[in-house]
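What's in target_12.cif: mmCIF, C-alpha atoms and all ligand atoms
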```
data_input
loop_
_atom_site.label_atom_id
_atom_site.label_comp_id
_atom_site.auth_asym_id
_atom_site.auth_seq_id
_atom_site.Cartn_x
_atom_site.Cartn_y
_atom_site.Cartn_z
CA MET J 1 82.15 79.75 30.78
CA LEU J 2 84.49 78.20 28.19
CA LYS J 3 86.11 80.95 26.19
CA ILE J 4 88.74 80.38 23.53
CA THR J 5 90.40 83.47 22.11
CA ASN J 6 92.68 83.96 19.11
CA LEU J 7 93.69 80.33 18.96
CA CYS J 8 96.42 79.50 16.44
CA LYS J 9 97.79 76.04 15.79
CA SER J 10 99.94 74.57 13.03
CA PHE J 11 101.62 71.20 12.80
CA ASN J 12 105.08 70.67 11.29
CA SER J 13 105.69 74.42 11.34
CA ASN J 14 108.36 75.80 9.03
CA THR J 15 108.58 72.59 7.03
CA ASP J 16 107.21 71.60 3.61
CA ASN J 17 104.56 69.62 5.50
CA GLN J 18 103.21 72.52 7.54
CA ILE J 19 99.47 72.12 8.26
CA ASN J 20 97.65 75.21 9.51
CA ILE J 21 94.71 74.09 11.62
CA PHE J 22 93.55 77.20 13.49
CA ASN J 23 94.24 80.85 12.71
CA ASN J 24 92.69 83.23 15.24
CA PHE J 25 89.91 80.85 16.18
CA ASN J 26 87.40 82.05 18.79
CA LEU J 27 84.68 80.16 20.62
CA GLU J 28 82.44 80.74 23.63
CA VAL J 29 80.37 78.02 25.25
CA GLU J 30 77.81 78.85 27.94
CA THR J 31 77.62 76.98 31.23
CA ASN J 32 75.27 74.01 31.39
CA THR J 33 74.78 73.77 27.63
CA SER J 34 75.47 70.95 25.24
CA THR J 35 77.24 71.82 22.00
CA ALA J 36 77.76 69.43 19.09
CA ILE J 37 80.68 69.97 16.73
CA ILE J 38 80.37 68.47 13.28
CA GLY J 39 82.62 68.78 10.25
CA PRO J 40 84.57 66.72 7.72
CA ASN J 41 87.55 64.51 8.53
CA GLY J 42 90.67 66.50 9.22
CA CYS J 43 88.94 69.85 9.88
CA GLY J 44 90.46 70.13 13.36
CA LYS J 45 87.78 68.81 15.74
CA THR J 46 90.01 66.45 17.73
CA THR J 47 92.87 68.95 17.62
CA LEU J 48 90.53 71.47 19.28
CA PHE J 49 89.75 68.94 22.04
CA ASN J 50 93.45 68.13 22.42
CA ILE J 51 94.21 71.81 22.87
CA ILE J 52 91.36 72.33 25.36
CA GLY J 53 92.39 69.22 27.30
CA GLY J 54 96.07 70.16 27.27
CA ASN J 55 97.24 67.08 25.32
CA ILE J 56 98.88 69.52 22.91
CA LEU J 57 99.72 73.18 23.32
CA ALA J 58 98.42 75.92 21.08
CA ASP J 59 100.93 78.14 19.26
CA GLN J 60 98.95 81.18 20.37
CA GLY J 61 95.71 82.06 22.09
CA ASN J 62 94.04 81.58 25.44
CA ILE J 63 91.54 79.21 26.95
CA PHE J 64 89.43 80.33 29.88
CA LEU J 65 87.34 77.91 31.88
CA LYS J 66 85.05 79.58 34.43
CA GLU J 67 87.11 82.77 33.94
CA LYS J 68 90.34 80.97 34.83
CA ASN J 69 93.04 80.97 32.17
CA ILE J 70 93.98 77.30 31.78
CA SER J 71 96.13 77.73 28.65
CA LYS J 72 99.40 77.10 30.45
CA LEU J 73 98.18 74.35 32.77
CA LYS J 74 99.49 70.84 32.23
CA GLU J 75 97.15 68.09 31.04
CA GLU J 76 97.03 66.48 34.53
CA GLU J 77 96.02 69.77 36.11
CA ARG J 78 93.33 70.41 33.52
CA ALA J 79 91.99 66.90 34.18
CA LYS J 80 90.65 68.25 37.49
CA TYR J 81 88.22 70.41 35.53
CA ILE J 82 87.80 68.57 32.26
CA GLY J 83 86.44 65.07 31.66
CA ARG J 84 86.90 63.34 28.33
CA VAL J 85 85.55 60.22 26.66
CA TYR J 86 87.28 59.01 23.52
CA GLN J 87 86.09 57.25 20.37
CA ASN J 88 88.34 54.29 21.08
CA PRO J 89 86.85 52.29 24.00
CA SER J 90 90.36 51.44 25.20
CA MET J 91 91.44 55.06 25.65
CA GLY J 92 91.13 56.88 28.95
CA ILE J 93 90.70 53.57 30.76
CA SER J 94 93.17 50.84 31.83
CA SER J 95 92.29 47.48 30.25
CA SER J 96 94.53 45.48 32.56
CA LEU J 97 92.93 46.94 35.70
CA THR J 98 89.55 46.00 37.19
CA ILE J 99 86.44 48.17 37.14
CA LEU J 100 87.06 48.98 40.83
CA GLU J 101 90.67 49.97 40.20
CA ASN J 102 89.71 52.16 37.25
CA LEU J 103 86.99 53.90 39.26
CA SER J 104 89.40 54.38 42.19
CA LEU J 105 91.94 55.98 39.86
CA ALA J 106 89.30 58.27 38.35
CA ASN J 107 88.18 59.22 41.85
CA LYS J 108 91.70 60.40 42.67
CA LYS J 109 92.12 62.31 39.41
CA GLY J 110 94.18 65.45 39.92
CA GLU J 111 95.17 64.44 43.46
CA LYS J 112 98.35 62.97 44.87
CA PHE J 113 97.88 59.44 46.17
CA THR J 114 99.75 56.32 47.28
CA LEU J 115 98.96 52.89 45.87
CA LYS J 116 97.66 51.75 49.25
CA LYS J 117 95.36 54.73 49.54
CA LEU J 118 94.24 54.29 45.97
CA LEU J 119 93.10 50.71 46.47
CA LYS J 120 91.28 51.38 49.72
CA LYS J 121 87.66 50.44 49.16
CA GLU J 122 86.35 53.46 51.07
CA ASN J 123 84.27 54.69 48.17
CA ILE J 124 82.89 51.36 47.09
CA ASP J 125 79.27 52.29 47.90
CA LYS J 126 79.57 55.38 45.74
CA TYR J 127 80.96 53.31 42.85
CA ILE J 128 78.19 50.74 43.19
CA GLU J 129 75.53 53.47 43.11
CA LEU J 130 77.09 55.03 40.00
CA LEU J 131 77.29 51.66 38.25
CA LYS J 132 73.74 50.70 39.27
CA ASP J 133 72.53 53.89 37.60
CA LEU J 134 73.81 52.54 34.28
CA SER J 135 71.54 49.46 34.57
CA LEU J 136 74.18 47.33 32.84
CA GLY J 137 74.93 45.04 35.77
CA LEU J 138 78.48 46.38 36.08
CA GLU J 139 78.05 46.81 39.83
CA LYS J 140 78.31 43.01 40.06
CA LYS J 141 81.60 43.00 38.15
CA LEU J 142 83.75 45.31 40.28
CA ASP J 143 86.64 42.84 40.23
CA THR J 144 86.43 42.12 36.49
CA LYS J 145 89.28 43.40 34.37
CA VAL J 146 88.16 46.01 31.87
CA LYS J 147 89.64 44.01 28.98
CA PHE J 148 86.79 41.52 29.44
CA LEU J 149 84.08 44.17 28.98
CA SER J 150 82.30 44.91 25.70
CA GLY J 151 82.90 48.21 23.89
CA GLY J 152 79.56 49.57 25.14
CA GLN J 153 80.27 48.56 28.75
CA ARG J 154 83.69 50.24 28.53
CA GLN J 155 82.23 53.45 27.13
CA ALA J 156 79.62 53.47 29.91
CA LEU J 157 82.39 53.00 32.49
CA SER J 158 84.47 55.73 30.80
CA LEU J 159 81.49 58.06 31.06
CA ILE J 160 81.20 57.47 34.79
CA MET J 161 84.94 57.94 35.21
CA ALA J 162 84.85 61.20 33.24
CA THR J 163 81.92 62.65 35.21
CA MET J 164 82.27 61.31 38.77
CA LYS J 165 84.28 64.36 39.90
CA TYR J 166 81.69 66.74 38.43
CA PRO J 167 83.92 68.34 35.77
CA ASP J 168 83.33 71.92 34.61
CA LEU J 169 83.52 70.63 31.05
CA LEU J 170 82.93 67.24 29.44
CA LEU J 171 84.49 66.52 26.03
CA LEU J 172 82.91 63.66 24.10
CA ASP J 173 85.06 62.77 21.11
CA GLU J 174 82.85 60.59 18.89
CA HIS J 175 82.38 58.40 21.95
CA THR J 176 79.73 56.18 20.33
CA ALA J 177 81.32 55.90 16.87
CA ALA J 178 82.84 52.47 17.52
CA LEU J 179 79.56 50.99 18.82
CA ASP J 180 76.73 49.19 17.03
CA PRO J 181 73.56 51.31 16.53
CA LYS J 182 71.65 49.81 19.49
CA THR J 183 74.56 50.18 21.91
CA SER J 184 75.31 53.64 20.52
CA ASN J 185 71.73 54.73 21.30
CA LEU J 186 71.99 53.23 24.78
CA ILE J 187 75.24 55.08 25.52
CA MET J 188 73.84 58.36 24.15
CA GLU J 189 70.84 58.01 26.48
CA LYS J 190 73.11 57.26 29.47
CA THR J 191 75.23 60.25 28.48
CA LYS J 192 72.17 62.51 28.41
CA LYS J 193 71.05 61.25 31.81
CA LEU J 194 74.47 61.90 33.39
CA ILE J 195 74.86 65.34 31.82
CA GLU J 196 71.40 66.37 33.05
CA LYS J 197 71.89 64.86 36.50
CA TYR J 198 75.11 66.76 37.15
CA SER J 199 74.36 69.81 34.91
CA ILE J 200 77.62 69.36 33.04
CA THR J 201 78.65 71.69 30.24
CA THR J 202 79.37 69.40 27.30
CA ILE J 203 80.96 69.57 23.89
CA MET J 204 80.42 66.55 21.69
CA ILE J 205 82.15 65.75 18.41
CA SER J 206 79.98 63.61 16.15
CA HIS J 207 79.67 62.52 12.56
CA ASN J 208 76.13 61.40 13.31
CA ILE J 209 73.94 64.36 12.32
CA LYS J 210 70.84 62.87 13.94
CA ASP J 211 72.56 62.41 17.33
CA ALA J 212 74.26 65.80 17.08
CA LEU J 213 70.85 67.47 16.73
CA LYS J 214 69.05 65.27 19.23
CA TYR J 215 71.58 65.56 22.04
CA SER J 216 72.74 69.17 21.78
CA ASP J 217 71.40 72.69 22.27
CA ARG J 218 73.77 74.14 19.72
CA ILE J 219 75.33 72.94 16.48
CA ILE J 220 78.69 74.15 15.28
CA MET J 221 80.04 73.14 11.89
CA LEU J 222 83.80 73.41 11.45
CA ASN J 223 85.73 73.52 8.24
CA GLY J 224 89.34 74.43 7.68
CA GLY J 225 89.64 75.39 11.35
CA GLN J 226 86.79 77.90 11.05
CA ILE J 227 83.21 77.94 12.26
CA VAL J 228 81.07 77.85 9.13
CA LEU J 229 77.72 77.33 10.88
CA ASP J 230 76.63 78.10 14.44
CA LYS J 231 72.95 77.61 15.26
CA PRO J 232 70.66 76.51 18.08
CA SER J 233 69.80 72.87 17.36
CA ALA J 234 66.10 73.73 17.71
CA ASP J 235 66.37 76.09 14.74
CA ILE J 236 67.52 73.52 12.21
CA ASP J 237 66.21 70.11 11.22
CA GLU J 238 68.13 67.03 10.15
CA LYS J 239 67.29 67.34 6.44
CA GLU J 240 68.30 70.99 6.31
CA LEU J 241 71.53 70.33 8.20
CA ILE J 242 72.50 67.43 5.91
CA GLN J 243 71.82 69.62 2.88
CA ILE J 244 74.06 72.36 4.26
CA TYR J 245 76.69 69.73 4.99
CA ILE J 246 76.53 68.37 1.44
CA ARG J 247 76.63 71.86 -0.06
CA LYS J 248 79.66 72.82 2.02
CA PHE J 249 81.62 69.63 1.75
CA GLU J 250 80.04 67.69 -1.11
CA GLN J 251 79.99 64.57 0.98
CA ILE J 252 77.47 63.08 3.34
CA VAL J 253 77.87 61.50 6.71
CA ALA J 254 74.43 60.77 8.11
N1 LIG S 301 100.12 65.60 16.22
C1 LIG S 301 99.93 65.88 14.93
N2 LIG S 301 100.97 66.07 14.10
C2 LIG S 301 100.78 66.39 12.80
N3 LIG S 301 99.57 66.54 12.24
C3 LIG S 301 98.50 66.37 13.02
C4 LIG S 301 98.61 66.03 14.40
N4 LIG S 301 97.36 65.92 14.93
C5 LIG S 301 96.51 66.17 13.91
N5 LIG S 301 97.18 66.45 12.77
C6 LIG S 301 96.58 66.81 11.49
O1 LIG S 301 95.72 67.89 11.70
C7 LIG S 301 94.56 67.77 10.87
C8 LIG S 301 93.33 67.82 11.74
O2 LIG S 301 93.25 66.61 12.48
P1 LIG S 301 92.07 66.32 13.51
O3 LIG S 301 92.33 64.98 14.09
O4 LIG S 301 91.93 67.46 14.44
O5 LIG S 301 90.81 66.27 12.54
P2 LIG S 301 89.31 65.86 12.87
O6 LIG S 301 88.44 66.96 12.40
O7 LIG S 301 89.18 65.45 14.28
O8 LIG S 301 89.13 64.60 11.91
P3 LIG S 301 88.27 63.25 12.08
O9 LIG S 301 86.84 63.62 11.82
O10 LIG S 301 88.82 62.35 11.01
O11 LIG S 301 88.51 62.70 13.46
C9 LIG S 301 94.72 66.50 10.09
O12 LIG S 301 95.27 66.84 8.83
C10 LIG S 301 95.71 65.70 10.91
O13 LIG S 301 96.47 64.83 10.11
#
```
If you took the structure in this file and wrote it as structure tokens, what would it be?
Ligand SMILES: Nc1ncnc2c1ncn2[C@@H]1O[C@H](COP(=O)(O)OP(=O)(O)OP(=O)(O)O)[C@@H](O)[C@H]1O
Amino acid sequence: MLKITNLCKSFNSNTDNQINIFNNFNLEVETNTSTAIIGPNGCGKTTLFNIIGGNILADQGNIFLKEKNISKLKEEERAKYIGRVYQNPSMGISSSLTILENLSLANKKGEKFTLKKLLKKENIDKYIELLKDLSLGLEKKLDTKVKFLSGGQRQALSLIMATMKYPDLLLLDEHTAALDPKTSNLIMEKTKKLIEKYSITTIMISHNIKDALKYSDRIIMLNGGQIVLDKPSADIDEKELIQIYIRKFEQIVA
């Protein structure tokens, strides 16, 4: 359902600082699967997400989502089909707006709206149900500004905002990396629940090998803009994967 063909991307092209990230990169991801992408710092993971999400354009190549070529669509148009949660709990969410306002904005993603229409509380029951599902008590804080929420609460809210329009693809960019271990586990479990509930095709970037294996069907290891390992998660255990990682990169991120 997601198909990337012959992707090429360089930064600072034709300068002394040219960085070649992807050179004829190809990837296919099946519908309703969960893929984890691991790989060392700077190997191109976030760049891949930025290209899929339309934050940056590829130099060459095509991206098909459900057979539709989205390569030339603007970021706002792709947002109708693609949800994203970032590593930084303040990205993808407006700190100075309330929970209700953020949810209302997410609910109108990809649509034209007026401010009056946006703030209409017509969908409040839906928001309350979604928040109740998180079991974090956020449904009682609809009028609280997001800047007063903890990192974990923000990531949970970001998850709801990224999935409430049932995207064809969910991109999780190290979305628990800034959280303490307990909160990280909590958010991973909430993520799993949401993905399963809505059957969302997901790609997750993680430096946490354990989580990558536990929460995905497929593991892809990237290096130098190339896939150097591609296996069903069930076919590899944590120890083996860490050993491969060390062998390939001579560094460990467990
Ligand atoms: N807009 C940009 N302009 C110039 N160089 C960039 C830009 N975005 C990314 N890069 C470079 O491209 C390379 C890949 O970056 P990217 O963020 O995709 O790596 P990553 O695998 O996500 O790393 P990490 O695990 O640290 O998040 C890095 O060398 C980075 O400095």
- Query: What lies within 6 Å of J:Ile4 using only C-alpha atoms, ignoring chain neighbours under 4 positions off, as a list in words?
  - Reply: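 In the requested format, the answer is Asn26, Leu27, Asn62 and Ile63 of chain J.
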- Could you tell me, counting all atoms listed in the file, which protein and nucleic acid residues lie no more than 10 Å from ligand LIG 301 (chain S), written as JSON, numbers by chain? {"J": [9, 10, 11, 12, 13, 17, 18, 19, 20, 21, 22, 37, 38, 39, 40, 41, 42, 43, 44, 45, 46, 47, 48, 49, 50, 51, 55, 56, 87, 173, 174, 205, 206, 207, 222, 223, 224, 225]}
- Item | Best match for closeness to J:Glu189 among J:Ser90, J:Thr176, J:Thr33, J:Asn107, counting all atoms listed in the file | J:Thr176
Excluding same-chain residues fewer than 6 positions from J:Leu7, what lies within 6 Å of it counting all atoms listed in the file, as a PDB file with C-alpha atoms, in the coordinates of the input?
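File out_30.pdb, as written:
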```
ATOM      1  CA  ASN J  24      92.690  83.230  15.240  1.00  0.00           C
ATOM      2  CA  PHE J  25      89.910  80.850  16.180  1.00  0.00           C
ATOM      3  CA  GLN J  60      98.950  81.180  20.370  1.00  0.00           C
ATOM      4  CA  GLY J  61      95.710  82.060  22.090  1.00  0.00           C
TER       5      GLY J  61
END
```
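With all atoms listed in the file as the atoms that count, the minimum distance from J:Glu139 to the choices J:Ala177, J:Ala58, J:Leu100, J:Ala106 is reached by J:Leu100.
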- Hey, which of J:Asp125, J:Glu77, J:Glu30, J:Asp59 ends up closest to J:Ser104? Count all atoms listed in the file.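 Closest candidate: J:Asp125.
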- J:Leu149 surroundings by only C-alpha atoms, 10 Å radius, close-in-sequence under 5 positions cut, as number ranges by chain: J: 89, 95, 99, 138, 141, 144, 154-155, 157
- Nearest to J:Leu186, restricted to all atoms listed in the file and choosing among J:Leu134, J:Leu213, J:Leu142, J:Ile200, comes out as J:Leu134
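From atom CA of J:Ala234 back to atom CA of J:Asn6, the distance works out to 28.5 Å.
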- Rank nothing, just name the residue among J:Lys210, J:Arg84, J:Lys3, J:His175 nearest to J:Lys68, using only C-alpha atoms.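 Checking each of J:Lys210, J:Arg84, J:Lys3, J:His175 against J:Lys68, counting only C-alpha atoms, the winner is J:Lys3.
Comparing the minimum interatomic distances between J:Phe64 and each of J:Ile93, J:Leu2, J:Ala36, J:Ile220, counting only C-alpha atoms, we find that J:Leu2 sits nearest.
Residues in contact with J:Ala79 at 8 Å, where only C-alpha atoms are counted and same-chain residues fewer than 4 positions away are skipped, are listed as Gly53, Glu75, Gly83, Lys109 and Gly110 of chain J.
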- Spatial neighbours of J:Ile82, max dist 6 Å, all atoms listed in the file, sep filter under 3 positions, as a PyMOL selection string: chain J and resi 78-79+167+169-170
Centre and edge lengths of an axis-aligned box around all listed atoms of stretch 50-65 of chain J, with 3 Å added on each side, are to be given in Å to one decimal, as lines of an AutoDock Vina configuration file.
```
center_x = 94.1
center_y = 74.6
center_z = 25.6
size_x = 19.6
size_y = 21.0
size_z = 18.6
```
- Query: Which value, in Å to one decimal, gives the distance between atom CA of J:Leu103 and atom CA of J:Thr201?
  - Reply: 21.6 Å
- Message: I'd like the interatomic distance between atom CA of J:Asn69 and atom CA of J:Tyr86, to a tenth of an Å.
- Response: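 Value for the atom CA of J:Asn69-atom CA of J:Tyr86 distance: 24.3 Å.
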